[in-house]
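Trainee: Sending over model-v1.cif (mmCIF, C-alpha atoms).
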```
data_input
loop_
_atom_site.group_PDB
_atom_site.id
_atom_site.type_symbol
_atom_site.label_atom_id
_atom_site.label_comp_id
_atom_site.auth_asym_id
_atom_site.auth_seq_id
_atom_site.Cartn_x
_atom_site.Cartn_y
_atom_site.Cartn_z
ATOM 1 C CA MET K 1 85.859 -59.522 59.935
ATOM 2 C CA GLU K 2 83.248 -61.947 61.301
ATOM 3 C CA THR K 3 84.655 -64.824 59.214
ATOM 4 C CA ASP K 4 88.208 -63.979 60.270
ATOM 5 C CA LEU K 5 87.225 -63.966 63.933
ATOM 6 C CA ARG K 6 85.376 -67.260 63.596
ATOM 7 C CA GLU K 7 88.353 -68.870 61.860
ATOM 8 C CA LEU K 8 90.757 -67.560 64.472
ATOM 9 C CA VAL K 9 88.530 -68.816 67.291
ATOM 10 C CA ALA K 10 87.980 -72.165 65.560
ATOM 11 C CA GLY K 11 91.752 -72.633 65.400
ATOM 12 C CA ALA K 12 92.209 -71.757 69.079
ATOM 13 C CA VAL K 13 89.310 -73.994 70.115
ATOM 14 C CA GLY K 14 90.597 -76.867 67.989
ATOM 15 C CA ARG K 15 94.053 -76.832 69.598
ATOM 16 C CA ARG K 16 92.860 -76.449 73.197
ATOM 17 C CA PHE K 17 89.946 -78.837 72.762
ATOM 18 C CA ASP K 18 92.237 -81.580 71.456
ATOM 19 C CA GLU K 19 94.446 -81.277 74.564
ATOM 20 C CA TRP K 20 91.444 -81.081 76.870
ATOM 21 C CA SER K 21 89.654 -84.035 75.286
ATOM 22 C CA ALA K 22 92.639 -86.297 76.055
ATOM 23 C CA GLU K 23 91.867 -85.784 79.740
ATOM 24 C CA HIS K 24 88.054 -85.694 79.454
ATOM 25 C CA PRO K 25 87.278 -88.177 76.673
ATOM 26 C CA ALA K 26 83.621 -88.855 77.452
ATOM 27 C CA LEU K 27 82.695 -85.183 77.978
ATOM 28 C CA ALA K 28 84.617 -84.212 74.846
ATOM 29 C CA GLY K 29 82.527 -86.747 72.963
ATOM 30 C CA VAL K 30 79.264 -84.994 73.801
ATOM 31 C CA ILE K 31 80.417 -81.361 73.712
ATOM 32 C CA ASP K 32 79.659 -79.869 70.338
ATOM 33 C CA ARG K 33 82.886 -78.267 69.101
ATOM 34 C CA VAL K 34 81.026 -76.017 66.664
ATOM 35 C CA ARG K 35 78.762 -74.758 69.428
ATOM 36 C CA LEU K 36 81.780 -74.225 71.660
ATOM 37 C CA THR K 37 83.452 -72.217 68.887
ATOM 38 C CA GLU K 38 80.323 -70.083 68.506
ATOM 39 C CA GLN K 39 80.171 -69.490 72.256
ATOM 40 C CA VAL K 40 83.787 -68.383 72.374
ATOM 41 C CA ALA K 41 83.404 -66.225 69.245
ATOM 42 C CA ALA K 42 80.322 -64.562 70.757
ATOM 43 C CA SER K 43 82.182 -63.976 74.008
ATOM 44 C CA VAL K 44 85.079 -62.343 72.141
ATOM 45 C CA ARG K 45 82.793 -60.292 69.888
ATOM 46 C CA ASP K 46 80.764 -58.983 72.853
ATOM 47 C CA SER K 47 83.764 -58.025 74.976
ATOM 48 C CA PRO K 48 84.572 -54.313 75.360
ATOM 49 C CA GLU K 49 88.274 -55.135 74.838
ATOM 50 C CA PHE K 50 87.550 -56.545 71.395
ATOM 51 C CA ARG K 51 85.410 -53.527 70.476
ATOM 52 C CA ARG K 52 88.236 -51.251 71.523
ATOM 53 C CA ALA K 53 90.677 -53.305 69.438
ATOM 54 C CA VAL K 54 88.347 -53.036 66.425
ATOM 55 C CA GLU K 55 88.112 -49.262 66.895
ATOM 56 C CA ALA K 56 91.893 -49.007 67.102
ATOM 57 C CA TYR K 57 92.190 -51.086 63.915
ATOM 58 C CA ARG K 58 89.773 -48.729 62.149
ATOM 59 C CA HIS K 59 91.927 -45.817 63.213
ATOM 60 C CA GLY K 60 94.988 -47.211 61.590
ATOM 61 C CA ARG K 61 96.404 -49.832 63.937
ATOM 62 C CA GLY K 62 97.651 -52.982 62.238
ATOM 63 C CA GLU K 63 95.571 -56.029 61.533
ATOM 64 C CA LEU K 64 98.045 -58.130 63.497
ATOM 65 C CA ASP K 65 97.288 -56.143 66.665
ATOM 66 C CA LEU K 66 93.592 -56.915 66.275
ATOM 67 C CA ALA K 67 94.194 -60.590 65.528
ATOM 68 C CA GLY K 68 96.563 -60.856 68.497
ATOM 69 C CA ARG K 69 94.030 -59.245 70.828
ATOM 70 C CA ALA K 70 91.262 -61.503 69.515
ATOM 71 C CA ALA K 71 93.460 -64.574 70.042
ATOM 72 C CA GLU K 72 94.183 -63.506 73.643
ATOM 73 C CA LEU K 73 90.495 -62.978 74.315
ATOM 74 C CA ALA K 74 89.621 -66.316 72.730
ATOM 75 C CA SER K 75 92.191 -68.070 74.932
ATOM 76 C CA ALA K 76 90.806 -66.362 78.022
ATOM 77 C CA ALA K 77 87.242 -67.352 77.098
ATOM 78 C CA LEU K 78 88.389 -70.923 76.492
ATOM 79 C CA ARG K 79 90.183 -71.023 79.839
ATOM 80 C CA ALA K 80 86.941 -69.928 81.493
ATOM 81 C CA ILE K 81 85.134 -72.830 79.842
ATOM 82 C CA LEU K 82 87.692 -75.630 79.734
ATOM 83 C CA GLY K 83 90.018 -74.527 82.482
ATOM 84 C CA MET F 84 15.522 -58.182 23.727
ATOM 85 C CA ARG F 85 14.023 -57.525 27.155
ATOM 86 C CA SER F 86 14.609 -61.181 28.099
ATOM 87 C CA ALA F 87 18.249 -61.060 27.017
ATOM 88 C CA LEU F 88 18.828 -57.874 29.034
ATOM 89 C CA CYS F 89 17.145 -59.402 32.085
ATOM 90 C CA SER F 90 19.234 -62.546 31.811
ATOM 91 C CA LEU F 91 22.399 -60.461 31.579
ATOM 92 C CA LEU F 92 21.432 -58.415 34.651
ATOM 93 C CA LEU F 93 20.518 -61.565 36.543
ATOM 94 C CA ALA F 94 23.818 -63.218 35.644
ATOM 95 C CA ALA F 95 25.704 -60.135 36.823
ATOM 96 C CA ALA F 96 23.725 -59.984 40.068
ATOM 97 C CA LEU F 97 24.201 -63.668 40.805
ATOM 98 C CA ALA F 98 27.897 -63.671 39.979
ATOM 99 C CA GLY F 99 28.742 -62.176 43.363
ATOM 100 C CA CYS F 100 26.519 -64.676 45.156
ATOM 101 C CA SER F 101 27.805 -67.728 43.294
ATOM 102 C CA ALA F 102 31.484 -66.971 44.128
ATOM 103 C CA SER F 103 30.887 -66.949 47.876
ATOM 104 C CA PRO F 104 30.115 -70.639 48.602
ATOM 105 C CA ALA F 105 33.311 -71.594 46.754
ATOM 106 C CA ALA F 106 35.262 -69.029 48.786
ATOM 107 C CA VAL F 107 33.808 -70.463 51.995
ATOM 108 C CA ASP F 108 35.004 -73.918 50.943
ATOM 109 C CA LEU F 109 38.445 -72.545 50.138
ATOM 110 C CA ILE F 110 38.642 -70.886 53.536
ATOM 111 C CA ALA F 111 37.647 -74.140 55.229
ATOM 112 C CA ALA F 112 40.375 -75.975 53.293
ATOM 113 C CA ALA F 113 42.944 -73.311 54.211
ATOM 114 C CA ARG F 114 41.966 -73.575 57.904
ATOM 115 C CA ALA F 115 42.313 -77.356 57.766
ATOM 116 C CA GLY F 116 45.801 -76.875 56.301
ATOM 117 C CA LEU F 117 46.682 -74.438 59.068
ATOM 118 C CA ALA F 118 45.449 -76.868 61.735
ATOM 119 C CA GLN F 119 47.706 -79.520 60.212
ATOM 120 C CA ALA F 120 50.645 -77.080 60.208
ATOM 121 C CA ARG F 121 50.004 -76.303 63.889
ATOM 122 C CA ARG F 122 49.976 -79.989 64.799
ATOM 123 C CA ALA F 123 53.210 -80.519 62.849
ATOM 124 C CA GLU F 124 54.800 -77.525 64.589
ATOM 125 C CA ALA F 125 53.776 -78.806 68.023
ATOM 126 C CA GLN F 126 55.253 -82.228 67.185
ATOM 127 C CA ARG F 127 58.455 -80.612 65.921
ATOM 128 C CA GLN F 128 58.782 -78.641 69.146
ATOM 129 C CA ALA F 129 58.234 -81.767 71.252
ATOM 130 C CA LEU F 130 60.931 -83.585 69.257
ATOM 131 C CA GLU F 131 63.314 -80.658 69.650
ATOM 132 C CA ALA F 132 62.720 -80.582 73.415
ATOM 133 C CA ARG F 133 63.307 -84.338 73.674
ATOM 134 C CA GLY F 134 66.526 -83.944 71.653
ATOM 135 C CA LEU F 135 67.825 -81.315 74.068
ATOM 136 C CA GLU F 136 66.823 -83.442 77.068
ATOM 137 C CA ALA F 137 68.721 -86.360 75.543
ATOM 138 C CA GLN F 138 71.786 -84.149 75.055
ATOM 139 C CA ALA F 139 71.610 -83.022 78.696
ATOM 140 C CA ALA F 140 71.311 -86.651 79.828
ATOM 141 C CA ALA F 141 74.282 -87.617 77.645
ATOM 142 C CA LEU F 142 76.265 -84.775 79.209
ATOM 143 C CA ASP F 143 75.470 -86.062 82.725
ATOM 144 C CA ALA F 144 76.465 -89.592 81.747
ATOM 145 C CA ALA F 145 79.709 -88.382 80.130
ATOM 146 C CA PHE F 146 80.694 -86.394 83.213
ATOM 147 C CA ASP F 147 80.158 -89.468 85.409
ATOM 148 C CA ALA F 148 81.979 -91.724 82.944
ATOM 149 C CA ASP F 149 85.030 -89.441 82.894
ATOM 150 C CA VAL F 150 85.173 -89.261 86.703
ATOM 151 C CA ARG F 151 85.007 -93.059 86.964
ATOM 152 C CA ALA F 152 87.557 -93.575 84.191
ATOM 153 C CA VAL F 153 90.050 -91.098 85.694
ATOM 154 C CA ALA F 154 89.543 -92.575 89.184
ATOM 155 C CA ALA F 155 90.278 -96.007 87.727
ATOM 156 C CA GLY F 156 93.442 -94.697 86.050
ATOM 157 C CA GLN F 157 92.092 -95.388 82.580
ATOM 158 C CA VAL F 158 92.654 -91.880 81.142
ATOM 159 C CA GLY F 159 95.931 -90.464 79.923
ATOM 160 C CA PRO F 160 99.106 -92.054 78.572
ATOM 161 C CA ALA F 161 100.068 -95.490 79.857
ATOM 162 C CA GLY F 162 102.338 -95.167 82.867
ATOM 163 C CA ASP F 163 101.247 -91.589 83.492
ATOM 164 C CA PRO F 164 97.465 -91.667 83.936
ATOM 165 C CA THR F 165 95.522 -88.446 84.494
ATOM 166 C CA ALA F 166 95.085 -87.761 88.202
ATOM 167 C CA LEU F 167 91.683 -87.077 89.700
ATOM 168 C CA SER F 168 92.917 -83.714 90.943
ATOM 169 C CA PRO F 169 90.908 -80.657 91.990
ATOM 170 C CA GLU F 170 92.055 -78.938 88.748
ATOM 171 C CA TRP F 171 90.747 -81.827 86.683
ATOM 172 C CA VAL F 172 87.379 -81.778 88.482
ATOM 173 C CA ILE F 173 87.077 -77.988 88.132
ATOM 174 C CA SER F 174 87.921 -78.172 84.439
ATOM 175 C CA ALA F 175 85.308 -80.892 83.859
ATOM 176 C CA ARG F 176 82.720 -79.044 85.931
ATOM 177 C CA ARG F 177 83.272 -75.789 83.984
ATOM 178 C CA ALA F 178 82.858 -77.448 80.616
ATOM 179 C CA TYR F 179 79.848 -79.403 81.865
ATOM 180 C CA ALA F 180 78.149 -76.304 83.303
ATOM 181 C CA THR F 181 78.886 -74.175 80.229
ATOM 182 C CA THR F 182 77.487 -76.819 77.895
ATOM 183 C CA LEU F 183 74.421 -77.311 80.070
ATOM 184 C CA ARG F 184 73.856 -73.539 80.088
ATOM 185 C CA ALA F 185 74.189 -73.438 76.306
ATOM 186 C CA LEU F 186 71.627 -76.232 76.016
ATOM 187 C CA ALA F 187 69.216 -74.376 78.310
ATOM 188 C CA GLN F 188 69.668 -71.177 76.276
ATOM 189 C CA GLN F 189 69.074 -73.152 73.078
ATOM 190 C CA GLN F 190 65.903 -74.575 74.607
ATOM 191 C CA LEU F 191 64.663 -71.090 75.511
ATOM 192 C CA ARG F 192 65.409 -69.821 71.982
ATOM 193 C CA ASP F 193 63.655 -72.833 70.429
ATOM 194 C CA GLN F 194 60.650 -72.385 72.696
ATOM 195 C CA ALA F 195 60.378 -68.671 71.889
ATOM 196 C CA ALA F 196 60.694 -69.291 68.141
ATOM 197 C CA GLY F 197 58.193 -72.161 68.305
ATOM 198 C CA ALA F 198 55.703 -70.088 70.287
ATOM 199 C CA GLU F 199 56.021 -67.286 67.730
ATOM 200 C CA ARG F 200 55.400 -69.709 64.857
ATOM 201 C CA LEU F 201 52.324 -71.111 66.626
ATOM 202 C CA ASP F 202 51.080 -67.569 67.343
ATOM 203 C CA ASN F 203 51.454 -66.652 63.667
ATOM 204 C CA LEU F 204 49.547 -69.756 62.597
ATOM 205 C CA ALA F 205 46.836 -69.018 65.178
ATOM 206 C CA ALA F 206 46.559 -65.418 63.947
ATOM 207 C CA ALA F 207 46.255 -66.594 60.335
ATOM 208 C CA ASP F 208 43.557 -69.066 61.399
ATOM 209 C CA GLU F 209 41.688 -66.359 63.294
ATOM 210 C CA ALA F 210 41.776 -64.084 60.233
ATOM 211 C CA LEU F 211 40.476 -66.884 58.029
ATOM 212 C CA GLU F 212 37.729 -67.651 60.527
ATOM 213 C CA MET F 213 36.636 -64.005 60.468
ATOM 214 C CA ALA F 214 36.743 -63.938 56.667
ATOM 215 C CA GLY F 215 34.642 -67.134 56.594
ATOM 216 C CA ASP F 216 32.081 -65.658 58.991
ATOM 217 C CA LEU F 217 31.852 -62.501 56.891
ATOM 218 C CA LEU F 218 31.313 -64.507 53.724
ATOM 219 C CA VAL F 219 28.636 -66.665 55.334
ATOM 220 C CA ARG F 220 26.846 -63.538 56.565
ATOM 221 C CA GLN F 221 27.168 -62.024 53.104
ATOM 222 C CA LEU F 222 25.668 -65.184 51.617
ATOM 223 C CA GLN F 223 22.803 -65.142 54.102
ATOM 224 C CA LEU F 224 22.059 -61.502 53.281
ATOM 225 C CA ALA F 225 22.305 -62.098 49.531
ATOM 226 C CA GLU F 226 20.090 -65.179 49.474
ATOM 227 C CA PRO F 227 16.704 -63.354 49.655
ATOM 228 C CA VAL F 228 17.902 -60.915 46.963
ATOM 229 C CA ARG F 229 18.973 -63.824 44.776
ATOM 230 C CA ARG F 230 15.593 -65.530 45.222
ATOM 231 C CA ARG F 231 13.772 -62.285 44.439
ATOM 232 C CA LEU F 232 15.845 -61.759 41.286
ATOM 233 C CA MET F 233 15.193 -65.340 40.167
ATOM 234 C CA ASP F 234 11.513 -64.780 40.766
ATOM 235 C CA ILE F 235 11.434 -61.509 38.777
ATOM 236 C CA HIS F 236 13.460 -63.083 36.009
ATOM 237 C CA GLY F 237 11.073 -66.033 35.816
ATOM 238 C CA ARG F 238 8.076 -63.763 35.613
ATOM 239 C CA TRP F 239 9.667 -61.598 32.921
ATOM 240 C CA ILE F 240 10.556 -64.683 30.900
ATOM 241 C CA ASP F 241 6.990 -65.933 31.224
ATOM 242 C CA GLY F 242 5.636 -62.550 30.161
ATOM 243 C CA ASP F 243 7.911 -62.444 27.080
#
```
If you convert what's in this file into structure tokens, what do you get?
Mentor:
Amino acid sequence: METDLRELVAGAVGRRFDEWSAEHPALAGVIDRVRLTEQVAASVRDSPEFRRAVEAYRHGRGELDLAGRAAELASAALRAILG
Amino acid sequence: MRSALCSLLLAAALAGCSASPAAVDLIAAARAGLAQARRAEAQRQALEARGLEAQAAALDAAFDADVRAVAAGQVGPAGDPTALSPEWVISARRAYATTLRALAQQQLRDQAAGAERLDNLAAADEALEMAGDLLVRQLQLAEPVRRRLMDIHGRWIDGD
């Protein structure tokens, strides 16, 4: 679960960061992408919405629902950081 | 026969005394090693702190460089440079602030972990110091007994 979340977040961060870095090249050069991924993953993991999605998954909801919710939360966390 | 028995008893009695000076030396060597480890840890922490300061300075410089580059129309595709808009500034400021916060948190974590490591080394040193003091006291107490035993042994050997 932890690895899946990290991979999902890493993918989301990679895509958004590439777009963002085209407009902020110097800042992108000093921002550690791995650290950013960890920050976003931690933000997703600690959110009540994600915990609720995990609970729902444990009670029989599909894995896709959980992944979709995690992706939404990762995007929201990224928007809060990168705009 | 009596002499052999006396020698055996003397050897047994002195065995405890003879081990102690060596143990005191070992403790001194261990404490010297711990002092070295503490110096190395302090240096490591100073390096870590300087590394984080350098990262924060690089972040400041990068923020300024981006603002200047965008203002000069040097960012973005040719013919459609990125505008120095409020959205752009807010986006840069958010990323800058988040990264700076992460660096500060990292510094706090490093400092806490470093302080714990130094505390552990200090506690180990304190324990060794106490053990050394105990051994020295033990040696001081045992010395008159050792001398007395040597004396008795000498007299018994002479009387053999």
Trainee: For His24 of chain K, find every residue with an atom within 9 Å (counting all atoms listed in the file), except residues of its own chain fewer than 5 positions away, and show them as a list of chain:residue names.
Mentor: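 Contacts, in chain order: K:Gly29, F:Ala145, F:Phe146, F:Asp149, F:Val150, F:Val153, F:Val158, F:Trp171, F:Ala175.
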Trainee: The PyMOL selection byres ((chain F) within 8 of (chain K)) - which residues does that actually catch in the file I just gave you? List them as a ChimeraX atom specification.
Mentor: /F:138,141-142,145-146,148-149,158-159,165,170,173-175,177-179,181-182
Trainee: Which neighbours of Gly134 of chain F fall inside 12 Å, counting all atoms listed in the file, when residues of the same chain fewer than 5 positions from it are skipped, and could you give them as a list of chain:residue names?
Mentor: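 Skipping anything fewer than 5 positions along the chain leaves F:Arg127, F:Gln128, F:Ala129, F:Ala139, F:Ala140, F:Ala141, F:Leu186, F:Ala187, F:Gln189, F:Gln190, F:Asp193.
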Trainee: Of the candidates F:Leu204, F:Val107, F:Ala154, F:Ala195, which shows the shortest atom-to-atom distance to Gln119 of chain F, using only C-alpha atoms?
Mentor: F:Leu204
Trainee: Quote the spacing between atom CA of Ala53 of chain K and atom CA of Ala77 of chain K in Å to one decimal place.
Mentor: 16.4 Å
Trainee: What gap, in Å, lies between atom CA of Gly60 of chain K and atom CA of Ala74 of chain K?
Mentor: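 Interatomic distance, atom CA of Gly60 of chain K to atom CA of Ala74 of chain K: 22.8 Å.
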Trainee: Return as number ranges by chain the set of residues that the PyMOL selection byres ((chain K and resi 2-11) around 12) yields on the displayed structure.
Mentor: K: 1, 12-18, 33-45, 50, 54, 63-64, 66-78
Trainee: Could you please determine the separation between atom CA of Ala132 of chain F and atom CA of Ala206 of chain F in Å, to one decimal place?
Mentor: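 These atoms are spaced 24.1 Å apart.
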Trainee: Using all atoms listed in the file, list the residues that have an atom at most 12 Å from (55.2, -78.4, 70.2), coordinates as in the file, as a ChimeraX atom specification.
Mentor: /F:120-133,193-202
Trainee: Some atoms are absent from segment 49-68 of chain K, so rebuild N, CA and C atoms and return them as a PDB file, in the frame of the given file.
Mentor:
```
ATOM      1  N   GLU K  49      86.872 -55.145  75.289  1.00  0.00           N
ATOM      2  CA  GLU K  49      88.274 -55.135  74.838  1.00  0.00           C
ATOM      3  C   GLU K  49      88.344 -55.348  73.325  1.00  0.00           C
ATOM      4  N   PHE K  50      87.527 -56.276  72.835  1.00  0.00           N
ATOM      5  CA  PHE K  50      87.550 -56.545  71.395  1.00  0.00           C
ATOM      6  C   PHE K  50      87.018 -55.332  70.620  1.00  0.00           C
ATOM      7  N   ARG K  51      85.962 -54.715  71.159  1.00  0.00           N
ATOM      8  CA  ARG K  51      85.410 -53.527  70.476  1.00  0.00           C
ATOM      9  C   ARG K  51      86.456 -52.415  70.413  1.00  0.00           C
ATOM     10  N   ARG K  52      87.192 -52.282  71.513  1.00  0.00           N
ATOM     11  CA  ARG K  52      88.236 -51.251  71.523  1.00  0.00           C
ATOM     12  C   ARG K  52      89.322 -51.588  70.494  1.00  0.00           C
ATOM     13  N   ALA K  53      89.649 -52.879  70.410  1.00  0.00           N
ATOM     14  CA  ALA K  53      90.677 -53.305  69.438  1.00  0.00           C
ATOM     15  C   ALA K  53      90.193 -53.065  68.006  1.00  0.00           C
ATOM     16  N   VAL K  54      88.907 -53.278  67.763  1.00  0.00           N
ATOM     17  CA  VAL K  54      88.347 -53.036  66.425  1.00  0.00           C
ATOM     18  C   VAL K  54      88.413 -51.541  66.095  1.00  0.00           C
ATOM     19  N   GLU K  55      88.048 -50.716  67.091  1.00  0.00           N
ATOM     20  CA  GLU K  55      88.112 -49.262  66.895  1.00  0.00           C
ATOM     21  C   GLU K  55      89.536 -48.819  66.561  1.00  0.00           C
ATOM     22  N   ALA K  56      90.486 -49.360  67.327  1.00  0.00           N
ATOM     23  CA  ALA K  56      91.893 -49.007  67.102  1.00  0.00           C
ATOM     24  C   ALA K  56      92.325 -49.429  65.698  1.00  0.00           C
ATOM     25  N   TYR K  57      91.866 -50.588  65.261  1.00  0.00           N
ATOM     26  CA  TYR K  57      92.190 -51.086  63.915  1.00  0.00           C
ATOM     27  C   TYR K  57      91.629 -50.142  62.853  1.00  0.00           C
ATOM     28  N   ARG K  58      90.402 -49.656  63.112  1.00  0.00           N
ATOM     29  CA  ARG K  58      89.773 -48.729  62.149  1.00  0.00           C
ATOM     30  C   ARG K  58      90.516 -47.404  62.090  1.00  0.00           C
ATOM     31  N   HIS K  59      91.184 -47.080  63.198  1.00  0.00           N
ATOM     32  CA  HIS K  59      91.927 -45.817  63.213  1.00  0.00           C
ATOM     33  C   HIS K  59      93.388 -46.014  62.850  1.00  0.00           C
ATOM     34  N   GLY K  60      93.655 -47.088  62.163  1.00  0.00           N
ATOM     35  CA  GLY K  60      94.988 -47.211  61.590  1.00  0.00           C
ATOM     36  C   GLY K  60      95.926 -48.205  62.227  1.00  0.00           C
ATOM     37  N   ARG K  61      95.507 -48.835  63.345  1.00  0.00           N
ATOM     38  CA  ARG K  61      96.404 -49.832  63.937  1.00  0.00           C
ATOM     39  C   ARG K  61      96.430 -51.060  63.035  1.00  0.00           C
ATOM     40  N   GLY K  62      97.484 -51.849  63.136  1.00  0.00           N
ATOM     41  CA  GLY K  62      97.651 -52.982  62.238  1.00  0.00           C
ATOM     42  C   GLY K  62      96.676 -54.120  62.490  1.00  0.00           C
ATOM     43  N   GLU K  63      96.485 -54.890  61.452  1.00  0.00           N
ATOM     44  CA  GLU K  63      95.571 -56.029  61.533  1.00  0.00           C
ATOM     45  C   GLU K  63      96.103 -57.080  62.516  1.00  0.00           C
ATOM     46  N   LEU K  64      97.430 -57.145  62.595  1.00  0.00           N
ATOM     47  CA  LEU K  64      98.045 -58.130  63.497  1.00  0.00           C
ATOM     48  C   LEU K  64      97.715 -57.837  64.956  1.00  0.00           C
ATOM     49  N   ASP K  65      97.653 -56.523  65.290  1.00  0.00           N
ATOM     50  CA  ASP K  65      97.288 -56.143  66.665  1.00  0.00           C
ATOM     51  C   ASP K  65      95.900 -56.670  67.004  1.00  0.00           C
ATOM     52  N   LEU K  66      94.975 -56.483  66.056  1.00  0.00           N
ATOM     53  CA  LEU K  66      93.592 -56.915  66.275  1.00  0.00           C
ATOM     54  C   LEU K  66      93.530 -58.428  66.401  1.00  0.00           C
ATOM     55  N   ALA K  67      94.217 -59.122  65.498  1.00  0.00           N
ATOM     56  CA  ALA K  67      94.194 -60.590  65.528  1.00  0.00           C
ATOM     57  C   ALA K  67      94.819 -61.106  66.829  1.00  0.00           C
ATOM     58  N   GLY K  68      95.904 -60.450  67.256  1.00  0.00           N
ATOM     59  CA  GLY K  68      96.563 -60.856  68.497  1.00  0.00           C
ATOM     60  C   GLY K  68      95.653 -60.670  69.698  1.00  0.00           C
TER      61      GLY K  68
END
```
